[in-house]
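For reference, upload.cif (mmCIF, C-alpha atoms):
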data_entry
#
loop_
_atom_site.label_atom_id
_atom_site.label_comp_id
_atom_site.auth_asym_id
_atom_site.auth_seq_id
_atom_site.Cartn_x
_atom_site.Cartn_y
_atom_site.Cartn_z
CA MET A 1 0.00 0.00 0.00
CA LYS A 2 2.82 2.29 0.94
CA GLY A 3 4.60 1.40 -2.28
CA ASN A 4 1.65 2.43 -4.37
CA ASN A 5 1.47 5.81 -2.63
CA ARG A 6 5.11 6.49 -3.35
CA GLU A 7 4.69 5.64 -7.01
CA SER A 8 1.61 7.91 -7.20
CA ARG A 9 3.49 10.88 -5.73
CA PHE A 10 6.46 10.26 -8.00
CA GLY A 11 4.17 10.24 -11.06
CA LYS A 12 2.58 13.50 -10.05
CA ARG A 13 5.98 15.11 -9.66
CA GLU A 14 7.01 13.94 -13.13
CA LYS A 15 3.82 15.32 -14.62
CA ARG A 16 4.36 18.71 -12.96
CA LYS A 17 7.93 18.83 -14.26
CA LYS A 18 6.80 18.13 -17.80
CA THR A 19 4.01 20.72 -17.51
CA ASN A 20 6.47 23.33 -16.21
CA ILE A 21 8.91 22.58 -19.04
CA ILE A 22 6.15 23.02 -21.65
CA LEU A 23 4.92 26.25 -20.06
CA ASN A 24 8.42 27.65 -19.80
CA SER A 25 9.09 26.74 -23.43
CA LEU A 26 5.90 28.48 -24.55
CA ILE A 27 6.71 31.56 -22.50
CA ALA A 28 10.21 31.68 -23.99
CA LEU A 29 8.78 31.31 -27.53
CA VAL A 30 6.31 34.12 -26.93
CA ILE A 31 9.11 36.39 -25.62
CA ILE A 32 11.26 35.57 -28.66
CA LEU A 33 8.36 36.39 -31.03
CA ILE A 34 7.73 39.67 -29.23
CA ILE A 35 11.41 40.61 -29.53
CA VAL A 36 11.47 39.70 -33.25
CA VAL A 37 8.29 41.65 -34.03
CA SER A 38 9.47 44.66 -32.03
CA ALA A 39 12.83 44.66 -33.77
CA LYS A 40 11.12 44.51 -37.16
CA ILE A 41 8.84 47.41 -36.27
CA PHE A 42 11.57 49.66 -34.85
CA PHE A 43 14.46 48.80 -37.13
CA GLY A 44 12.91 47.53 -40.36
CA GLY A 45 10.04 50.06 -40.90
CA ASN A 46 12.08 52.88 -42.59
CA ASN A 47 12.82 51.81 -46.16
CA ASP A 48 14.98 54.88 -46.80
CA GLN A 49 17.28 53.94 -43.91
CA ALA A 50 17.50 50.45 -45.26
CA LEU A 51 18.76 51.75 -48.63
CA PRO A 52 22.49 51.87 -49.15
CA ALA A 53 23.95 55.40 -48.99
CA ASP A 54 24.54 55.61 -52.79
CA GLU A 55 21.03 54.46 -53.63
CA GLN A 56 19.52 56.88 -51.10
CA THR A 57 21.51 59.81 -52.59
CA ALA A 58 20.41 58.82 -56.10
CA SER A 59 16.82 58.64 -54.96
CA GLU A 60 17.06 62.12 -53.40
CA SER A 61 18.63 63.51 -56.60
CA LYS A 62 15.84 62.04 -58.71
CA GLN A 63 13.26 63.57 -56.39
CA LYS A 64 14.95 66.98 -56.62
CA GLU A 65 15.07 66.74 -60.42
CA LYS A 66 11.39 65.80 -60.48
CA ASN A 67 10.56 68.76 -58.23
CA LYS A 68 12.53 71.10 -60.53
CA GLU A 69 10.79 69.66 -63.57
CA ASP A 70 7.37 70.07 -61.96
CA LYS A 71 8.23 73.65 -60.98
CA GLY A 72 9.45 74.37 -64.51
CA ASN A 73 6.24 72.95 -65.95
CA ASP A 74 4.21 75.15 -63.59
CA ILE A 75 6.17 78.24 -64.69
CA GLU A 76 5.67 77.39 -68.38
CA GLN A 77 1.97 76.80 -67.84
CA ASN A 78 1.69 80.18 -66.06
CA LYS A 79 3.55 81.86 -68.93
CA ASP A 80 1.21 80.24 -71.44
CA LYS A 81 -1.80 81.42 -69.44
CA ASP A 82 -0.39 84.96 -69.21
CA LYS A 83 0.30 84.97 -72.96
CA GLU A 84 -3.20 83.72 -73.74
CA LYS A 85 -4.68 86.44 -71.51
CA ALA A 86 -2.49 89.13 -73.13
CA ASP A 87 -3.46 87.90 -76.62
CA LYS A 88 -7.12 87.92 -75.64
CA ASP A 89 -6.86 91.45 -74.20
CA SER A 90 -5.04 92.58 -77.35
CA GLU A 91 -7.75 91.12 -79.58
CA GLU A 92 -10.43 92.83 -77.48
CA GLU A 93 -8.60 96.16 -77.78
CA LYS A 94 -8.34 95.71 -81.55
CA GLU A 95 -12.05 94.96 -81.76
CA LYS A 96 -12.83 98.07 -79.70
CA GLU A 97 -10.62 100.18 -81.99
CA LYS A 98 -12.37 98.76 -85.04
CA GLU A 99 -15.75 99.57 -83.54
CA LYS A 100 -14.61 103.13 -82.78
CA GLU A 101 -13.35 103.54 -86.36
CA LYS A 102 -16.63 102.23 -87.74
CA GLU A 103 -18.63 104.62 -85.56
CA LYS A 104 -16.41 107.53 -86.58
CA GLU A 105 -16.76 106.61 -90.25
CA LYS A 106 -20.55 106.38 -89.89
CA GLU A 107 -20.67 109.82 -88.27
CA GLU A 108 -18.48 111.34 -91.00
CA ASN A 109 -20.52 109.70 -93.74
CA ALA A 110 -23.75 110.91 -92.11
CA LYS A 111 -22.33 114.42 -91.88
CA GLU A 112 -21.19 114.36 -95.52
CA THR A 113 -24.57 112.99 -96.60
CA GLU A 114 -26.35 115.76 -94.68
CA GLU A 115 -24.15 118.39 -96.30
CA ASP A 116 -24.62 116.86 -99.77
CA GLN A 117 -28.37 116.94 -99.30
CA GLU A 118 -28.31 120.63 -98.41
CA GLN A 119 -25.98 121.83 -101.17
CA VAL A 120 -27.43 123.61 -104.20
CA VAL A 121 -25.80 123.03 -107.60
CA THR A 122 -26.51 125.24 -110.60
CA GLU A 123 -25.12 125.11 -114.12
CA GLY A 124 -22.69 127.86 -115.15
CA GLY A 125 -21.57 130.73 -112.98
CA SER A 126 -19.72 134.02 -112.99
CA GLY A 127 -17.99 133.45 -116.32
CA PRO A 128 -17.64 131.17 -119.35
CA ASP A 129 -14.91 129.18 -117.62
CA VAL A 130 -17.39 128.02 -114.93
CA GLU A 131 -18.97 124.61 -115.45
CA LYS A 132 -21.22 124.72 -112.38
CA THR A 133 -21.66 126.56 -109.09
CA ILE A 134 -22.10 124.93 -105.66
CA GLU A 135 -23.54 126.65 -102.59
CA ASN A 136 -24.15 124.91 -99.29
CA PRO A 137 -25.73 126.45 -96.16
CA ALA A 138 -24.29 123.56 -94.09
CA TRP A 139 -20.73 124.86 -94.53
CA LYS A 140 -19.23 126.15 -91.28
CA PRO A 141 -16.18 128.26 -90.36
CA VAL A 142 -13.00 126.18 -90.14
CA GLY A 143 -11.80 127.76 -86.87
CA THR A 144 -8.91 130.12 -86.17
CA SER A 145 -5.92 130.59 -83.89
CA GLN A 146 -6.02 134.37 -84.44
CA THR A 147 -7.36 136.85 -81.89
CA GLY A 148 -8.29 140.53 -81.93
CA GLU A 149 -9.38 142.57 -84.91
CA HIS A 150 -8.89 140.64 -88.13
CA THR A 151 -7.34 141.84 -91.39
CA ALA A 152 -6.77 139.42 -94.26
CA VAL A 153 -3.07 138.68 -94.84
CA TYR A 154 -1.98 137.22 -98.18
CA ASP A 155 1.42 136.03 -97.05
CA GLN A 156 2.15 132.32 -97.42
CA ASN A 157 4.04 132.30 -94.10
CA HIS A 158 1.15 133.86 -92.16
CA ALA A 159 -1.48 131.90 -90.17
CA ASP A 160 -4.25 133.69 -92.07
CA TRP A 161 -3.04 132.27 -95.40
CA GLN A 162 -2.97 128.74 -93.99
CA GLU A 163 -6.47 129.13 -92.56
CA MET A 164 -7.77 130.34 -95.91
CA LEU A 165 -6.32 127.24 -97.57
CA SER A 166 -8.00 125.09 -94.88
CA ALA A 167 -11.36 126.65 -95.78
CA ILE A 168 -10.75 126.04 -99.50
CA SER A 169 -9.73 122.42 -98.84
CA TYR A 170 -12.84 121.93 -96.67
CA ALA A 171 -15.16 123.24 -99.41
CA THR A 172 -13.60 121.34 -102.34
CA GLY A 173 -12.37 118.15 -100.67
CA VAL A 174 -8.89 118.70 -102.17
CA ASP A 175 -6.14 117.93 -99.65
CA GLN A 176 -3.57 120.71 -99.26
CA GLY A 177 -0.81 118.23 -100.06
CA ASN A 178 -2.40 117.69 -103.47
CA MET A 179 -3.31 121.34 -104.06
CA THR A 180 -1.85 123.88 -106.49
CA VAL A 181 -2.78 127.47 -105.63
CA TRP A 182 -3.11 129.60 -108.78
CA PHE A 183 -4.48 132.65 -107.05
CA LEU A 184 -5.54 133.74 -103.58
CA GLY A 185 -6.49 137.36 -102.94
CA ASN A 186 -8.94 139.98 -101.72
CA ASN A 187 -12.62 139.90 -102.76
CA GLY A 188 -13.90 142.79 -100.61
CA PRO A 189 -14.06 143.50 -96.86
CA ASN A 190 -13.49 140.29 -94.90
CA SER A 191 -13.83 138.25 -98.10
CA SER A 192 -11.30 136.39 -100.24
CA VAL A 193 -11.29 134.27 -103.37
CA GLY A 194 -8.91 131.56 -104.44
CA THR A 195 -8.33 129.56 -107.62
CA ILE A 196 -6.87 126.10 -107.05
CA SER A 197 -6.57 122.70 -108.71
CA THR A 198 -5.33 119.26 -107.95
CA LYS A 199 -1.70 118.79 -108.91
CA ASP A 200 -2.68 116.79 -112.00
CA GLN A 201 -5.28 119.51 -112.83
CA SER A 202 -8.05 116.94 -113.12
CA GLU A 203 -10.11 119.10 -110.71
CA LYS A 204 -10.20 122.90 -110.88
CA TYR A 205 -12.07 125.25 -108.54
CA ARG A 206 -12.67 128.91 -107.72
CA VAL A 207 -13.65 129.24 -104.04
CA TYR A 208 -15.20 132.26 -102.30
CA ILE A 209 -14.67 132.51 -98.53
CA ASP A 210 -15.85 134.99 -95.86
CA TRP A 211 -14.34 135.80 -92.47
CA VAL A 212 -16.45 135.13 -89.35
CA ASP A 213 -15.12 136.89 -86.23
CA GLY A 214 -13.76 134.45 -83.68
CA GLU A 215 -14.59 131.44 -85.88
CA GLY A 216 -12.37 131.75 -88.93
CA TRP A 217 -12.91 131.53 -92.68
CA LYS A 218 -16.17 130.06 -93.99
CA PRO A 219 -16.78 128.92 -97.63
CA SER A 220 -19.70 130.69 -99.30
CA ARG A 221 -19.51 129.49 -102.93
CA VAL A 222 -17.53 127.06 -105.05
CA GLU A 223 -17.28 127.23 -108.83
CA VAL A 224 -16.17 124.14 -110.73
CA LEU A 225 -13.96 125.36 -113.61
CA ASN A 226 -13.41 124.10 -117.12
CA GLU A 227 -9.99 125.72 -117.29
CA ILE A 228 -7.56 127.86 -115.33
CA ASN A 229 -7.33 131.44 -116.62
#

If you convert what's in this file into structure tokens, what do you get?
Amino acid sequence: MKGNNRESRFGKREKRKKTNIILNSLIALVIILIIVVSAKIFFGGNNDQALPADEQTASESKQKEKNKEDKGNDIEQNKDKDKEKADKDSEEEKEKEKEKEKEKEKEENAKETEEDQEQVVTEGGSGPDVEKTIENPAWKPVGTSQTGEHTAVYDQNHADWQEMLSAISYATGVDQGNMTVWFLGNNGPNSSVGTISTKDQSEKYRVYIDWVDGEGWKPSRVEVLNEIN
């Protein structure tokens, strides 16, 4: 009986030893796994640190080049946008200028049409050299830079002479740059008369002008000539 009890206690001790060994082994395995996982987290998580020094430098250089390239692309895109905006603004300005020119042309044409409607044309005139005579109540003084009491001056270097030519050009439509002056002289108090033609003499006129105080010379009659006497 005593022998059986001893064997029973011995068996229990053996079982406890085996159980302790297994538990200790498991605990050790768990500790090892924890150490391995921790080491991987703390030391293996940074890929850049894991790269060799040369590879890391090359990677940084590539990143810098990419950043420069992206920045350059942004600058070019901004330049393109600025250029497109400037071109658009320029086109808008051109369109506005065209519209202004059209409006100005319309106003001038309307004014010319109004004057043409008011002018009176008759055949013949003051002499046999006159083809027809034109009178127009819509004619206005051409303006003056002169002040004070006015006396007609027939000197080509005087302002009065130039203003008389402006009135003649206004009445006939002949530009002064294309005008030959055959005669310009007195036609009575505050009145003058001039005979002019185009330089090729395809158009020939005798123009009567009157002085209006403070406003300059005003055409009163135009005779279209057959010839220059």

Practice task
Would you list the contacts of A:Gly125 as a VMD selection string, taking every protein, DNA or RNA residue within 10 Å and counting all atoms listed in the file, but skipping same-chain residues closer than 2 positions in sequence?
Solution key: chain A and resid 122 to 123 127 to 134 222 to 225

Handout entry: Neighbour list for A:Ser202 as a list of chain:residue names, cut-off 10 Å, all atoms listed in the file, skip fewer than 4 positions in-chain
Key = A:Ser197, A:Thr198, A:Asn226, A:Glu227

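Straight-line separation from atom CA of A:Lys40 to atom CA of A:Leu26: 21.1 Å.
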
Fill in the blank from the handout: Min atom-atom distance to A:Glu149 from the set A:Glu65, A:Asp213, A:Asp70, A:Asp82, counting only C-alpha atoms, belongs to A:Asp213

Problem - Expected residue set, 6 Å radius at (-7.3, 128.2, -90.7), only C-alpha atoms, as a PyMOL selection string - result: chain A and resi 143-144+162-164+166

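For A:Asp160, the residues within 12 Å (counting all atoms listed in the file, excluding itself and residues fewer than 6 positions away along the chain) are A:Val142, A:Gly143, A:Thr144, A:Ser145, A:Gln146, A:Thr147, A:His150, A:Thr151, A:Ala152, A:Val153, A:Tyr154, A:Ser166, A:Ala167, A:Leu184, A:Gly185, A:Asn190, A:Ser192, A:Trp211, A:Gly216, A:Trp217.
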
Kindly export the residues of the current selection with C-alpha atoms, as a short mmCIF file (atom, residue, chain, number, x, y, z; two decimals), in the coordinates of the input.
data_model
loop_
_atom_site.label_atom_id
_atom_site.label_comp_id
_atom_site.auth_asym_id
_atom_site.auth_seq_id
_atom_site.Cartn_x
_atom_site.Cartn_y
_atom_site.Cartn_z
CA VAL A 142 -13.00 126.18 -90.14
CA GLY A 143 -11.80 127.76 -86.87
CA THR A 144 -8.91 130.12 -86.17
CA SER A 145 -5.92 130.59 -83.89
CA GLN A 146 -6.02 134.37 -84.44
CA THR A 147 -7.36 136.85 -81.89
CA HIS A 150 -8.89 140.64 -88.13
CA THR A 151 -7.34 141.84 -91.39
CA ALA A 152 -6.77 139.42 -94.26
CA VAL A 153 -3.07 138.68 -94.84
CA TYR A 154 -1.98 137.22 -98.18
CA SER A 166 -8.00 125.09 -94.88
CA ALA A 167 -11.36 126.65 -95.78
CA LEU A 184 -5.54 133.74 -103.58
CA GLY A 185 -6.49 137.36 -102.94
CA ASN A 190 -13.49 140.29 -94.90
CA SER A 192 -11.30 136.39 -100.24
CA TRP A 211 -14.34 135.80 -92.47
CA GLY A 216 -12.37 131.75 -88.93
CA TRP A 217 -12.91 131.53 -92.68
#

Handout entry: Point-to-point distance in Å for atom CA of A:Val193 and atom CA of A:Gln176
Key = 16.1 Å

Practice task
May I ask for the distance between atom CA of A:Glu135 and atom CA of A:Phe183, given in Å to one decimal place?
Solution key: 20.5 Å

Practice task
For each of A:Asn78, A:Asn229, A:Asn24, A:Gln119, take the minimum atom-to-atom distance to A:Trp139, counting only C-alpha atoms, then give the residue where this is smallest.
Solution key: A:Gln119

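Checking A:Gln63, A:Gln77, A:Ser220, A:Asn157 one by one against A:Ser191, counting only C-alpha atoms, you find the shortest gap at A:Ser220.
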